[in-house]
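Peer 1: One file is attached below, data_29.cif, containing mmCIF, C-alpha atoms.
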data_work
#
loop_
_atom_site.label_atom_id
_atom_site.label_comp_id
_atom_site.auth_asym_id
_atom_site.auth_seq_id
_atom_site.Cartn_x
_atom_site.Cartn_y
_atom_site.Cartn_z
CA MET A 210 -13.13 -40.05 -11.31
CA ASP A 211 -10.57 -37.22 -11.24
CA HIS A 212 -10.14 -35.04 -14.30
CA GLU A 213 -7.03 -33.11 -15.20
CA PRO A 214 -7.66 -29.33 -15.26
CA ILE A 215 -7.69 -27.67 -18.66
CA SER A 216 -4.41 -25.78 -18.82
CA ILE A 217 -3.93 -22.41 -20.46
CA THR A 218 -0.33 -22.04 -19.33
CA ARG A 219 2.97 -23.34 -20.70
CA ALA A 220 4.42 -23.49 -17.18
CA ASN A 221 5.79 -26.98 -16.52
CA THR A 222 7.39 -26.26 -13.15
CA ASP A 223 6.48 -24.33 -10.03
CA LYS A 224 9.24 -21.85 -10.82
CA ASP A 225 7.68 -21.07 -14.21
CA LEU A 226 4.21 -20.77 -12.69
CA VAL A 227 5.43 -18.46 -9.91
CA LEU A 228 7.10 -16.18 -12.47
CA SER A 229 3.88 -16.06 -14.48
CA TRP A 230 1.91 -15.29 -11.30
CA LEU A 231 4.26 -12.48 -10.28
CA TYR A 232 4.14 -11.05 -13.79
CA SER A 233 0.34 -10.74 -13.43
CA LYS A 234 0.79 -8.32 -10.50
CA PRO A 235 0.52 -4.61 -11.37
CA SER A 236 3.57 -3.15 -9.64
CA ALA A 237 7.18 -4.00 -8.80
CA ILE A 238 6.52 -3.34 -5.10
CA THR A 239 3.64 -5.84 -5.07
CA ARG A 240 5.74 -8.41 -6.93
CA GLN A 241 8.58 -8.06 -4.41
CA ARG A 242 6.20 -8.49 -1.46
CA TYR A 243 4.51 -11.55 -2.99
CA LEU A 244 7.83 -13.14 -3.91
CA LYS A 245 9.09 -12.69 -0.35
CA SER A 246 5.93 -14.34 1.01
CA TYR A 247 6.30 -17.25 -1.41
CA GLU A 248 9.95 -17.78 -0.51
CA GLN A 249 9.07 -17.85 3.20
CA TRP A 250 6.30 -20.36 2.49
CA LEU A 251 8.61 -22.55 0.41
CA SER A 252 11.32 -22.56 3.09
CA PHE A 253 8.70 -23.78 5.58
CA CYS A 254 7.01 -26.57 3.62
CA ASN A 255 9.43 -27.46 0.78
CA LEU A 256 6.52 -28.92 -1.21
CA THR A 257 5.45 -28.39 -4.81
CA LEU A 258 2.13 -26.68 -5.49
CA LYS A 259 0.63 -30.00 -6.60
CA GLU A 260 1.83 -31.76 -3.43
CA THR A 261 0.45 -29.13 -1.02
CA ARG A 262 -2.62 -30.06 1.02
CA VAL A 263 -4.97 -28.21 3.38
CA GLU A 264 -3.03 -29.40 6.44
CA ASP A 265 0.17 -27.83 5.11
CA ILE A 266 -1.50 -24.42 4.87
CA GLN A 267 -2.94 -24.88 8.37
CA ASP A 268 0.50 -25.81 9.73
CA TYR A 269 1.98 -22.73 8.07
CA ARG A 270 -0.56 -20.49 9.76
CA THR A 271 0.18 -22.15 13.11
CA MET A 272 3.91 -21.61 12.62
CA LEU A 273 3.37 -17.89 11.91
CA GLU A 274 1.25 -17.57 15.05
CA MET A 275 3.86 -19.36 17.16
CA LYS A 276 6.55 -17.02 15.84
CA GLY A 277 4.54 -14.08 17.16
CA TYR A 278 3.46 -12.46 13.92
CA LYS A 279 0.57 -10.02 14.29
CA PRO A 280 -2.81 -11.07 12.83
CA ALA A 281 -2.54 -8.44 10.08
CA THR A 282 0.87 -9.80 9.00
CA ILE A 283 -0.34 -13.41 9.11
CA SER A 284 -3.37 -12.44 7.04
CA GLN A 285 -1.17 -10.71 4.46
CA LYS A 286 1.17 -13.70 4.16
CA LEU A 287 -1.68 -16.21 3.86
CA ASN A 288 -3.46 -14.05 1.30
CA SER A 289 -0.29 -13.93 -0.78
CA ILE A 290 -0.09 -17.74 -0.83
CA LYS A 291 -3.82 -17.96 -1.51
CA SER A 292 -3.33 -15.64 -4.49
CA LEU A 293 -0.69 -17.98 -5.91
CA PHE A 294 -2.86 -21.08 -5.59
CA THR A 295 -5.89 -19.25 -6.97
CA TYR A 296 -3.82 -18.23 -10.00
CA ALA A 297 -2.56 -21.81 -10.42
CA VAL A 298 -6.17 -23.07 -10.50
CA LYS A 299 -7.28 -20.30 -12.87
CA VAL A 300 -4.65 -21.18 -15.49
CA GLY A 301 -5.16 -24.93 -15.07
CA TYR A 302 -1.82 -25.75 -13.41
CA ILE A 303 -3.59 -27.48 -10.49
CA ALA A 304 -7.19 -28.66 -10.10
CA MET A 305 -8.06 -27.08 -6.76
CA SER A 306 -6.56 -24.73 -4.19
CA PRO A 307 -5.76 -26.12 -0.72
CA CYS A 308 -6.36 -22.60 0.65
CA VAL A 309 -10.12 -22.61 0.07
CA VAL A 310 -10.95 -23.89 3.56
CA VAL A 311 -8.16 -22.11 5.46
CA LYS A 312 -9.25 -18.74 6.77
CA PRO A 313 -6.78 -15.99 7.70
CA PRO A 314 -7.11 -14.53 11.21
CA VAL A 315 -9.69 -11.80 11.70
CA VAL A 316 -7.95 -8.44 11.71
CA HIS A 317 -9.59 -5.79 13.84
CA GLU A 318 -7.94 -2.72 12.43
CA GLN A 319 -7.69 -0.05 15.08
CA ILE A 320 -7.42 2.99 12.84
CA SER A 321 -7.88 5.25 15.85
CA THR A 322 -4.47 4.10 17.12
CA LYS A 323 -2.82 4.89 13.78
CA LEU A 324 -3.46 8.61 13.59
CA ILE A 325 -1.32 11.65 14.18
CA THR A 326 -2.27 15.28 14.50
CA VAL A 327 -1.52 18.07 12.05
CA GLU A 328 0.89 19.44 14.65
CA ASP A 329 2.81 16.16 14.66
CA VAL A 330 2.92 16.14 10.86
CA LYS A 331 4.46 19.62 11.00
CA LYS A 332 7.04 18.33 13.51
CA LEU A 333 7.98 15.55 11.11
CA VAL A 334 8.35 17.99 8.22
CA GLU A 335 10.49 20.35 10.31
CA GLY A 336 12.62 17.42 11.54
CA ALA A 337 13.38 16.16 8.03
CA ARG A 338 17.06 16.20 7.12
CA CYS A 339 16.41 17.65 3.67
CA ILE A 340 13.72 19.36 1.58
CA ARG A 341 12.96 16.13 -0.30
CA ASP A 342 12.15 14.16 2.85
CA GLY A 343 9.94 16.95 4.17
CA LEU A 344 8.05 17.03 0.87
CA ILE A 345 7.53 13.26 0.97
CA ILE A 346 5.79 13.65 4.33
CA LYS A 347 3.77 16.61 3.08
CA PHE A 348 2.55 14.78 -0.01
CA LEU A 349 1.65 11.58 1.86
CA PHE A 350 -0.43 13.58 4.32
CA ALA A 351 -1.86 16.37 2.15
CA LEU A 352 -2.92 14.09 -0.72
CA GLY A 353 -3.58 10.90 1.26
CA LEU A 354 -1.27 8.90 -0.99
CA ARG A 355 -0.12 5.34 -0.59
CA VAL A 356 3.69 5.00 -0.61
CA SER A 357 3.53 3.01 -3.85
CA GLU A 358 1.58 5.88 -5.46
CA LEU A 359 4.03 8.49 -4.20
CA LEU A 360 7.02 6.61 -5.57
CA LYS A 361 5.43 6.29 -9.03
CA MET A 362 5.05 10.07 -9.35
CA ARG A 363 6.70 11.48 -12.48
CA TRP A 364 7.06 15.09 -13.53
CA ASP A 365 4.94 14.58 -16.62
CA ASP A 366 2.06 13.39 -14.40
CA PHE A 367 1.42 17.02 -13.38
CA TYR A 368 -0.74 19.33 -15.45
CA PHE A 369 -2.42 22.73 -15.07
CA LEU A 370 -6.10 23.61 -15.18
CA PRO A 371 -7.24 26.78 -17.02
CA GLY A 372 -7.51 28.61 -13.69
CA GLY A 373 -3.91 27.81 -12.76
CA GLU A 374 -4.67 24.95 -10.37
CA VAL A 375 -2.26 22.00 -10.39
CA LYS A 376 -3.39 18.39 -10.67
CA ILE A 377 -1.51 15.12 -10.78
CA LYS A 378 -2.41 11.78 -12.34
CA VAL A 379 -1.95 9.00 -9.80
CA ILE A 380 -1.74 5.26 -10.47
CA GLY A 381 -3.24 3.33 -7.55
CA LYS A 382 -4.00 -0.28 -6.69
CA GLY A 383 -4.83 -2.47 -9.65
CA ASN A 384 -3.47 0.23 -11.98
CA LYS A 385 -6.56 2.34 -11.27
CA LYS A 386 -5.96 5.95 -12.22
CA ARG A 387 -7.26 9.05 -10.49
CA GLU A 388 -6.44 12.74 -10.52
CA LEU A 389 -5.72 14.79 -7.41
CA LEU A 390 -5.54 18.50 -6.78
CA VAL A 391 -2.11 19.65 -5.59
CA PRO A 392 -1.86 22.87 -3.57
CA ASN A 393 0.08 25.38 -5.68
CA TYR A 394 2.51 26.19 -2.89
CA MET A 395 3.41 22.49 -2.58
CA TYR A 396 4.03 22.20 -6.30
CA GLU A 397 6.30 25.26 -6.18
CA GLU A 398 8.24 23.69 -3.30
CA LEU A 399 8.49 20.49 -5.32
CA LEU A 400 10.14 22.33 -8.20
CA MET A 401 13.02 23.13 -5.82
CA ILE A 402 14.12 19.48 -5.86
CA ARG A 403 13.69 18.89 -9.61
CA GLU A 404 16.87 17.41 -11.03
CA GLY A 405 17.50 18.01 -14.73
CA ASP A 406 15.83 15.49 -17.00
CA ASN A 407 15.20 12.92 -14.25
CA PRO A 408 11.58 11.80 -14.83
CA TRP A 409 10.99 10.67 -11.23
CA VAL A 410 9.87 13.17 -8.60
CA PHE A 411 11.25 11.32 -5.57
CA HIS A 412 14.52 9.53 -6.25
CA ALA A 413 17.95 9.01 -4.74
CA PRO A 414 20.44 11.79 -5.56
CA LEU A 415 21.73 11.52 -9.14
CA ARG A 416 19.80 8.27 -9.69
CA HIS A 417 17.27 7.84 -12.48
CA HIS A 418 14.99 5.47 -10.60
CA PRO A 419 12.45 6.08 -7.82
CA LEU A 420 13.17 5.64 -4.14
CA ARG A 421 12.44 2.29 -2.55
CA SER A 422 9.50 1.98 -0.17
CA ASN A 423 11.83 0.78 2.60
CA THR A 424 13.80 4.02 2.30
CA VAL A 425 10.64 6.03 2.97
CA PHE A 426 9.63 3.69 5.80
CA TYR A 427 12.92 4.04 7.70
CA MET A 428 13.17 7.75 6.96
CA ILE A 429 9.82 8.45 8.63
CA LYS A 430 10.68 6.22 11.60
CA LYS A 431 14.01 8.00 12.09
CA ILE A 432 12.44 11.46 12.01
CA ALA A 433 9.65 10.38 14.40
CA LEU A 434 12.25 9.20 16.92
CA LYS A 435 14.14 12.46 16.53
CA VAL A 436 11.16 14.80 17.07
CA GLY A 437 9.26 12.75 19.65
CA VAL A 438 6.33 11.52 17.51
CA ASN A 439 4.91 8.01 18.04
CA GLU A 440 7.68 5.62 16.94
CA ASP A 441 5.16 3.06 15.66
CA ILE A 442 4.27 5.44 12.85
CA SER A 443 4.29 4.29 9.25
CA ALA A 444 3.65 6.11 6.00
CA HIS A 445 0.12 4.69 5.94
CA TRP A 446 -0.66 6.54 9.17
CA LEU A 447 -0.35 9.76 7.17
CA ARG A 448 -2.99 8.46 4.75
CA HIS A 449 -5.33 7.55 7.63
CA SER A 450 -4.74 10.95 9.21
CA HIS A 451 -5.46 12.69 5.89
CA ALA A 452 -8.86 10.96 5.77
CA THR A 453 -9.91 11.76 9.31
CA GLU A 454 -8.65 15.35 9.15
CA SER A 455 -10.46 15.94 5.83
CA LEU A 456 -13.75 14.66 7.25
CA ARG A 457 -13.29 16.70 10.40
CA ASN A 458 -12.97 19.81 8.28
CA GLY A 459 -16.12 19.09 6.30
CA CYS A 460 -14.92 17.06 3.29
CA ASP A 461 -17.74 15.22 1.54
CA LEU A 462 -17.52 11.43 1.94
CA SER A 463 -17.86 10.76 -1.79
CA LEU A 464 -15.07 13.24 -2.56
CA LEU A 465 -12.83 11.56 0.02
CA MET A 466 -13.61 8.17 -1.53
CA GLN A 467 -12.57 9.53 -4.92
CA SER A 468 -9.40 11.13 -3.56
CA LEU A 469 -8.27 8.02 -1.70
CA GLY A 470 -8.99 5.77 -4.68
CA HIS A 471 -11.36 3.46 -2.80
CA SER A 472 -13.50 1.22 -5.00
CA SER A 473 -16.32 1.16 -2.45
CA ILE A 474 -17.69 3.88 -0.20
CA THR A 475 -17.97 1.22 2.53
CA THR A 476 -14.17 1.30 2.78
CA THR A 477 -14.21 5.06 3.19
CA GLN A 478 -17.00 4.98 5.76
CA LYS A 479 -14.72 3.31 8.32
CA TYR A 480 -13.28 6.76 8.99
CA LEU A 481 -16.69 8.07 10.06
CA CYS A 482 -16.77 5.81 13.12
CA LEU A 483 -13.80 7.71 14.53
CA ARG A 484 -15.92 10.82 15.05
CA GLU A 485 -17.25 9.53 18.37
CA THR A 486 -18.03 12.96 19.82
CA GLU A 487 -20.02 14.03 16.75
CA GLY A 488 -23.44 13.19 15.39
CA SER A 489 -26.05 14.76 13.15
CA SER A 490 -27.56 16.32 16.29
CA SER A 491 -24.45 18.50 16.50
CA TYR A 492 -25.73 20.35 13.45
CA ILE A 493 -29.22 21.05 14.88
CA ASP A 494 -29.61 24.08 17.12
CA MET A 495 -32.74 23.96 19.26
CA GLY A 496 -31.50 26.65 21.64
#
Written as structure tokens, that's how I'd like the structure from this file.
Peer 2:
Amino acid sequence: MDHEPISITRANTDKDLVLSWLYSKPSAITRQRYLKSYEQWLSFCNLTLKETRVEDIQDYRTMLEMKGYKPATISQKLNSIKSLFTYAVKVGYIAMSPCVVVKPPVVHEQISTKLITVEDVKKLVEGARCIRDGLIIKFLFALGLRVSELLKMRWDDFYFLPGGEVKIKVIGKGNKKRELLVPNYMYEELLMIREGDNPWVFHAPLRHHPLRSNTVFYMIKKIALKVGVNEDISAHWLRHSHATESLRNGCDLSLLMQSLGHSSITTTQKYLCLRETEGSSSYIDMG
């Protein structure tokens, strides 16, 4: 005999439930991405959450594959829908999620193909059309920031240590906070673009709101095309390159984990596998 789930939500319609679900997400960028995924899903199936069955999720995955989406994109879209159904179950809006038996495609992330050299980073900085754009590239690479973290940076997030070093408080995934050391010369360069009482570090001219992630995405692509750097580049490549370059220069793995804001060292360890020409034997001299 079926039992109605115990509800802890006042949502009576899918629209209300979706708004509640989006509200539970930590950042505006995440909410926008999840909403876009939901709207694409809805345009495909045109079913309510309570009407949706396993086969509908399977058909959606098949449609995405037939349209030529990459496995990573399909996985992201399916995980967004899975998040919605999981939330609906958690608050008692539906009894069970139809996503529980539908697995997203396995994504074999080839980090080694998403790296650029320090020389290429310098080319991007030099090819920037303005100081602000060059600093965006510098900060993404030098601090290993996610774009969402970069765009949340405010002037009052910076503070000075007794020795004069500069640090910044960063808000990462899941609203997790961490503090990163900022090279003094980069902070001094940053002061050159400070605009009156505008609280945001990176913003559109004369606007009191942060830049959009798409603006950063297209800016980097445009510069890469201009200076002859791999056109497939994204802002996240700079984060990957920060990790591999730091390890190459002797950064401790636990420090890198802390700097990148990873919750598990297993996530950070994926960068170690890229050091194919190195091993512990490299540090033993029997000659």
Peer 1: Taking into account all atoms listed in the file, which residue in the set A:Lys259, A:His451, A:Lys224, A:Lys382 is nearest to Gly301 in chain A?
Peer 2: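 Going through A:Lys259, A:His451, A:Lys224, A:Lys382 one by one, the smallest distance to Gly301 in chain A is for A:Lys259.
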Peer 1: Using the file's own x, y and z axes, what box holds all listed atoms of range 277-286 of chain A with 4 Å on each side, keeping edges along x, y and z, and what are its centre and edge lengths in Å to one decimal, as JSON?
Peer 2:
{"center_x": 0.6, "center_y": -11.3, "center_z": 10.7, "size_x": 15.9, "size_y": 13.6, "size_z": 21.0}
Peer 1: Place a sphere of radius 7 Å on (3.0, 12.5, 16.7) in the file coordinates and name every protein, DNA or RNA residue with an atom inside or on its surface, counting only C-alpha atoms; give the answer as a PyMOL selection string.
Peer 2: chain A and resi 325-326+329-330+437-439
Peer 1: Please identify all polymer residues within 12 Å of Met395 in chain A, counting only C-alpha atoms, omitting same-chain residues fewer than 3 positions from it, and present them as a list of chain:residue names.
Peer 2: A:Ile340, A:Arg341, A:Gly343, A:Leu344, A:Ile345, A:Ile346, A:Lys347, A:Phe348, A:Leu349, A:Phe350, A:Ala351, A:Leu352, A:Glu374, A:Val375, A:Lys376, A:Leu390, A:Val391, A:Pro392, A:Glu398, A:Leu399, A:Leu400, A:Met401, A:Ile402
Peer 1: Which one is closest to Arg270 in chain A: A:Lys312, A:Arg363, A:Lys431, A:His445? Count all atoms listed in the file.
Peer 2: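 Checking each candidate against Arg270 in chain A, we get A:Lys312 as the closest.
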Peer 1: If we count only C-alpha atoms and set the cut-off at 7 Å, which residues sit around range 474-483 of chain A, ignoring sequence neighbours fewer than 5 positions away in its own chain? Please answer as a ChimeraX atom specification.
Peer 2: /A:321,452-453,466
